[in-house]
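Note: the block below is start05.cif and it holds mmCIF, C-alpha atoms.
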data_start
#
loop_
_atom_site.label_atom_id
_atom_site.label_comp_id
_atom_site.auth_asym_id
_atom_site.auth_seq_id
_atom_site.Cartn_x
_atom_site.Cartn_y
_atom_site.Cartn_z
CA MET A 1 0.00 0.00 0.00
CA GLU A 2 1.16 3.49 -0.83
CA LYS A 3 0.61 6.57 1.33
CA THR A 4 0.09 10.12 0.17
CA PHE A 5 -0.45 13.44 1.87
CA ALA A 6 -3.33 15.84 1.33
CA ILE A 7 -4.58 19.15 2.64
CA ILE A 8 -8.05 20.55 2.49
CA LYS A 9 -7.01 24.18 2.13
CA PRO A 10 -8.46 27.15 4.03
CA ASP A 11 -10.84 28.02 1.19
CA GLY A 12 -12.30 24.49 1.24
CA VAL A 13 -12.67 24.47 5.02
CA GLU A 14 -14.17 27.96 5.01
CA ARG A 15 -16.81 26.88 2.48
CA ASN A 16 -17.67 23.72 4.49
CA LEU A 17 -16.42 21.35 1.78
CA SER A 18 -14.41 19.01 4.03
CA GLY A 19 -17.17 16.40 4.32
CA LYS A 20 -17.90 16.43 0.58
CA ILE A 21 -14.21 16.07 -0.24
CA LEU A 22 -13.72 13.25 2.29
CA GLU A 23 -16.79 11.46 0.93
CA ARG A 24 -15.22 11.48 -2.53
CA VAL A 25 -11.91 10.27 -1.13
CA GLU A 26 -13.48 7.30 0.62
CA SER A 27 -15.75 6.48 -2.32
CA GLN A 28 -12.63 6.10 -4.47
CA GLY A 29 -11.16 3.46 -2.15
CA PHE A 30 -8.73 5.60 -0.17
CA LYS A 31 -8.30 4.75 3.50
CA ILE A 32 -7.83 7.79 5.74
CA VAL A 33 -5.01 6.75 8.08
CA ALA A 34 -4.32 10.14 9.70
CA MET A 35 -6.28 13.37 9.95
CA LYS A 36 -6.16 16.58 11.96
CA ARG A 37 -7.55 20.07 11.71
CA THR A 38 -5.21 22.94 12.49
CA ARG A 39 -4.20 26.41 11.39
CA LEU A 40 -0.77 26.82 9.81
CA SER A 41 1.40 29.73 10.81
CA LYS A 42 2.96 31.74 7.99
CA VAL A 43 6.35 30.25 8.93
CA GLN A 44 4.97 26.69 8.81
CA ALA A 45 3.50 27.36 5.37
CA GLU A 46 6.76 28.92 4.17
CA ASN A 47 8.82 25.97 5.37
CA PHE A 48 6.34 23.47 3.93
CA TYR A 49 6.38 25.15 0.50
CA ASP A 50 10.11 25.98 0.63
CA VAL A 51 10.64 24.30 -2.76
CA HIS A 52 8.62 27.17 -4.30
CA LYS A 53 10.49 29.95 -2.44
CA SER A 54 11.86 31.53 -5.63
CA GLN A 55 8.47 31.57 -7.38
CA PRO A 56 6.52 34.85 -7.71
CA PHE A 57 3.42 33.23 -6.15
CA PHE A 58 5.25 32.09 -2.98
CA ASP A 59 4.17 34.93 -0.66
CA SER A 60 0.57 34.88 -1.84
CA MET A 61 0.39 31.08 -1.55
CA THR A 62 1.83 30.96 1.96
CA ARG A 63 -0.42 33.83 3.07
CA SER A 64 -3.43 31.97 1.71
CA MET A 65 -2.40 28.68 3.33
CA SER A 66 -2.09 30.39 6.73
CA SER A 67 -5.33 32.37 6.42
CA GLY A 68 -7.60 29.88 8.17
CA PRO A 69 -8.03 26.30 9.34
CA VAL A 70 -6.88 23.39 7.19
CA VAL A 71 -7.46 19.65 7.36
CA LEU A 72 -4.24 17.63 7.11
CA LEU A 73 -4.60 14.05 5.86
CA VAL A 74 -2.71 10.88 5.06
CA PHE A 75 -4.39 8.48 2.64
CA GLU A 76 -3.46 4.89 1.92
CA LYS A 77 -4.26 2.92 -1.23
CA GLU A 78 -2.55 1.14 -4.10
CA ASN A 79 -1.29 3.94 -6.38
CA ALA A 80 -2.39 6.51 -3.80
CA ILE A 81 -0.28 9.38 -5.14
CA ALA A 82 -1.37 9.09 -8.78
CA ASP A 83 -4.98 8.32 -7.87
CA TRP A 84 -5.21 11.30 -5.48
CA ARG A 85 -3.72 13.63 -8.08
CA LYS A 86 -6.25 12.39 -10.62
CA LEU A 87 -9.15 12.88 -8.17
CA MET A 88 -7.92 16.41 -7.32
CA GLY A 89 -7.70 17.47 -10.96
CA ALA A 90 -5.43 20.07 -12.57
CA THR A 91 -4.09 22.88 -10.38
CA ASN A 92 -5.97 25.39 -12.50
CA PRO A 93 -9.65 24.47 -12.13
CA ALA A 94 -10.31 25.79 -15.64
CA ASP A 95 -8.09 22.95 -16.93
CA ALA A 96 -9.44 20.27 -14.57
CA GLU A 97 -11.53 17.38 -15.86
CA ALA A 98 -15.23 17.17 -15.04
CA GLY A 99 -15.91 15.31 -11.82
CA THR A 100 -12.61 16.24 -10.15
CA ILE A 101 -12.50 18.06 -6.84
CA ARG A 102 -10.92 21.18 -8.30
CA LYS A 103 -13.33 21.35 -11.25
CA ASP A 104 -16.31 21.01 -8.92
CA PHE A 105 -15.17 23.07 -5.92
CA ALA A 106 -12.21 25.35 -6.71
CA GLU A 107 -12.68 29.08 -7.16
CA SER A 108 -9.26 29.85 -8.70
CA ILE A 109 -5.72 28.52 -9.04
CA GLU A 110 -4.90 29.74 -5.54
CA ARG A 111 -8.27 28.89 -3.98
CA ASN A 112 -8.37 25.38 -5.42
CA SER A 113 -9.54 23.59 -2.26
CA VAL A 114 -6.94 20.80 -2.00
CA HIS A 115 -3.23 19.99 -2.05
CA GLY A 116 -1.60 16.66 -2.75
CA SER A 117 1.87 15.19 -2.90
CA ASP A 118 3.33 14.89 -6.38
CA SER A 119 5.82 12.05 -5.80
CA THR A 120 6.88 9.39 -3.31
CA ALA A 121 9.71 11.56 -1.99
CA THR A 122 7.40 14.55 -1.58
CA ALA A 123 4.80 12.41 0.21
CA VAL A 124 7.42 11.15 2.68
CA PHE A 125 8.53 14.72 3.43
CA GLU A 126 5.02 16.15 3.66
CA ILE A 127 3.65 13.37 5.88
CA SER A 128 6.59 13.63 8.28
CA TYR A 129 6.33 17.45 8.32
CA PHE A 130 2.91 17.29 9.97
CA PHE A 131 2.51 13.80 11.47
CA ALA A 132 4.48 11.68 13.91
CA GLN A 133 4.64 8.02 12.88
CA SER A 134 2.51 7.18 15.93
CA GLU A 135 -0.34 9.32 14.54
CA ILE A 136 -0.61 7.26 11.34
CA LEU A 137 -3.02 4.41 11.95
CA SER A 138 -2.80 2.03 9.00
#
How does the structure come out when it is put into structure tokens?
Amino acid sequence: MEKTFAIIKPDGVERNLSGKILERVESQGFKIVAMKRTRLSKVQAENFYDVHKSQPFFDSMTRSMSSGPVVLLVFEKENAIADWRKLMGATNPADAEAGTIRKDFAESIERNSVHGSDSTATAVFEISYFFAQSEILS
């Protein structure tokens, strides 16, 4: 089984989409093995997205990610990373396929409701950034 990391972003939490998103996740065969609701500090968001530090959207993205509560998640499933990315849809909701979370719920590229790991190495980093191994209940 593969694990991946996900965030229901502040815009999704603010619009009460957490339950709808989690329903889709479970209906696609993902097992939720860790979950917590928290609010990221600007520093936490900056450190988490450090790989994008040189990008022009970095400040706006980290401000957005620290603007309200988030739901942090670890999913488990065969092909979890690829399957979660497919379920999320393209980063830009205008480019996302019908039936994906971002096509159905996102308001913009920045307010696109969810985040997901893009590789095994990223998933390992992102999971360990927010969760102790003892919090992951496979």
Which residue of A:Phe30, A:Phe105, A:Phe5, A:Phe125 approaches A:Val51 most closely, using only C-alpha atoms:
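Of the candidates, the smallest distance to A:Val51 is held by A:Phe125.
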With 7 Å as the threshold, what does the neighbourhood of (-11.5, 24.5, -10.1) contain in terms of residues, counting only C-alpha atoms? Coordinates are those of the file; answer as JSON, numbers by chain.
{"A": [92, 93, 94, 96, 102, 103, 104, 105, 106, 107, 108, 112]}
Between A:Ala6, A:Ile136, A:Ile101, A:Val74, which residue has the minimum interatomic distance to A:Lys86, considering all atoms listed in the file?
A:Ile101
So that I can check the surroundings of A:Met35, please list as a list in words every protein, DNA and RNA residue that reaches within 8 Å of it, counting all atoms listed in the file and ignoring chain neighbours fewer than 5 positions away.
Val71, Leu72, Leu73 and Val74 of chain A
Would you compute the distance between atom CA of A:Lys9 and atom CA of A:Val70? Give it in Å to one decimal.
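Separation of atom CA of A:Lys9 and atom CA of A:Val70: 5.1 Å.
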Output check: residues returned by the PyMOL selection byres ((chain A and resi 48) around 12), as a PDB file with C-alpha atoms, in the coordinates of the input:
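Result file expr_16.pdb:
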ATOM      1  CA  ILE A   7      -4.580  19.150   2.640  1.00  0.00           C
ATOM      2  CA  LEU A  40      -0.770  26.820   9.810  1.00  0.00           C
ATOM      3  CA  SER A  41       1.400  29.730  10.810  1.00  0.00           C
ATOM      4  CA  LYS A  42       2.960  31.740   7.990  1.00  0.00           C
ATOM      5  CA  VAL A  43       6.350  30.250   8.930  1.00  0.00           C
ATOM      6  CA  GLN A  44       4.970  26.690   8.810  1.00  0.00           C
ATOM      7  CA  ALA A  45       3.500  27.360   5.370  1.00  0.00           C
ATOM      8  CA  GLU A  46       6.760  28.920   4.170  1.00  0.00           C
ATOM      9  CA  ASN A  47       8.820  25.970   5.370  1.00  0.00           C
ATOM     10  CA  TYR A  49       6.380  25.150   0.500  1.00  0.00           C
ATOM     11  CA  ASP A  50      10.110  25.980   0.630  1.00  0.00           C
ATOM     12  CA  VAL A  51      10.640  24.300  -2.760  1.00  0.00           C
ATOM     13  CA  HIS A  52       8.620  27.170  -4.300  1.00  0.00           C
ATOM     14  CA  LYS A  53      10.490  29.950  -2.440  1.00  0.00           C
ATOM     15  CA  PHE A  58       5.250  32.090  -2.980  1.00  0.00           C
ATOM     16  CA  MET A  61       0.390  31.080  -1.550  1.00  0.00           C
ATOM     17  CA  THR A  62       1.830  30.960   1.960  1.00  0.00           C
ATOM     18  CA  MET A  65      -2.400  28.680   3.330  1.00  0.00           C
ATOM     19  CA  SER A  66      -2.090  30.390   6.730  1.00  0.00           C
ATOM     20  CA  HIS A 115      -3.230  19.990  -2.050  1.00  0.00           C
ATOM     21  CA  SER A 117       1.870  15.190  -2.900  1.00  0.00           C
ATOM     22  CA  THR A 122       7.400  14.550  -1.580  1.00  0.00           C
ATOM     23  CA  ALA A 123       4.800  12.410   0.210  1.00  0.00           C
ATOM     24  CA  PHE A 125       8.530  14.720   3.430  1.00  0.00           C
ATOM     25  CA  GLU A 126       5.020  16.150   3.660  1.00  0.00           C
ATOM     26  CA  ILE A 127       3.650  13.370   5.880  1.00  0.00           C
ATOM     27  CA  SER A 128       6.590  13.630   8.280  1.00  0.00           C
ATOM     28  CA  TYR A 129       6.330  17.450   8.320  1.00  0.00           C
ATOM     29  CA  PHE A 130       2.910  17.290   9.970  1.00  0.00           C
TER      30      PHE A 130
END
Six-sided padding of 6 Å per side, axis-aligned box over stretch 77-90 of chain A, centre and edges in Å, one decimal, as lines of an AutoDock Vina configuration file:
center_x = -4.7
center_y = 10.6
center_z = -6.9
size_x = 20.9
size_y = 30.9
size_z = 23.3
Looking at A:Glu26, A:Ala34, A:Arg63, A:Thr91, which one is nearest to A:Ala132, with distances taken over only C-alpha atoms?
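Once distances to A:Ala132 are computed over only C-alpha atoms, the minimum belongs to A:Ala34.
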All residues 7 Å or closer to stretch 11-17 of chain A, all atoms listed in the file, same chain fewer than 4 positions away omitted, as a list in words
Ile21, Pro69, Val70, Arg111 and Ser113 of chain A
Let's have the selection written as a PDB file, in the coordinates of the input, with C-alpha atoms.
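Here's the written file selection-v6.pdb:
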ATOM      1  CA  ILE A  21     -14.210  16.070  -0.240  1.00  0.00           C
ATOM      2  CA  PRO A  69      -8.030  26.300   9.340  1.00  0.00           C
ATOM      3  CA  VAL A  70      -6.880  23.390   7.190  1.00  0.00           C
ATOM      4  CA  ARG A 111      -8.270  28.890  -3.980  1.00  0.00           C
ATOM      5  CA  SER A 113      -9.540  23.590  -2.260  1.00  0.00           C
TER       6      SER A 113
END
Kindly give the distance, in Å, that separates atom CA of A:Glu110 and atom CA of A:Val124, rounded to a single decimal.
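Between atom CA of A:Glu110 and atom CA of A:Val124 the gap is 23.8 Å.
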Report the distance between atom CA of A:Glu135 and atom CA of A:Glu2 in Å, rounded to one decimal place.
16.5 Å
Select, counting all atoms listed in the file, all protein, DNA and RNA residues no farther than 8 Å from (-3.1, 14.4, -3.8) in file coordinates, and express the selection as a PyMOL selection string.
chain A and resi 4-6+80-88+114-118
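Closest to A:Ser138 among A:Glu23, A:Glu78, A:Met1, A:Ile109 is A:Met1, based on all atoms listed in the file.
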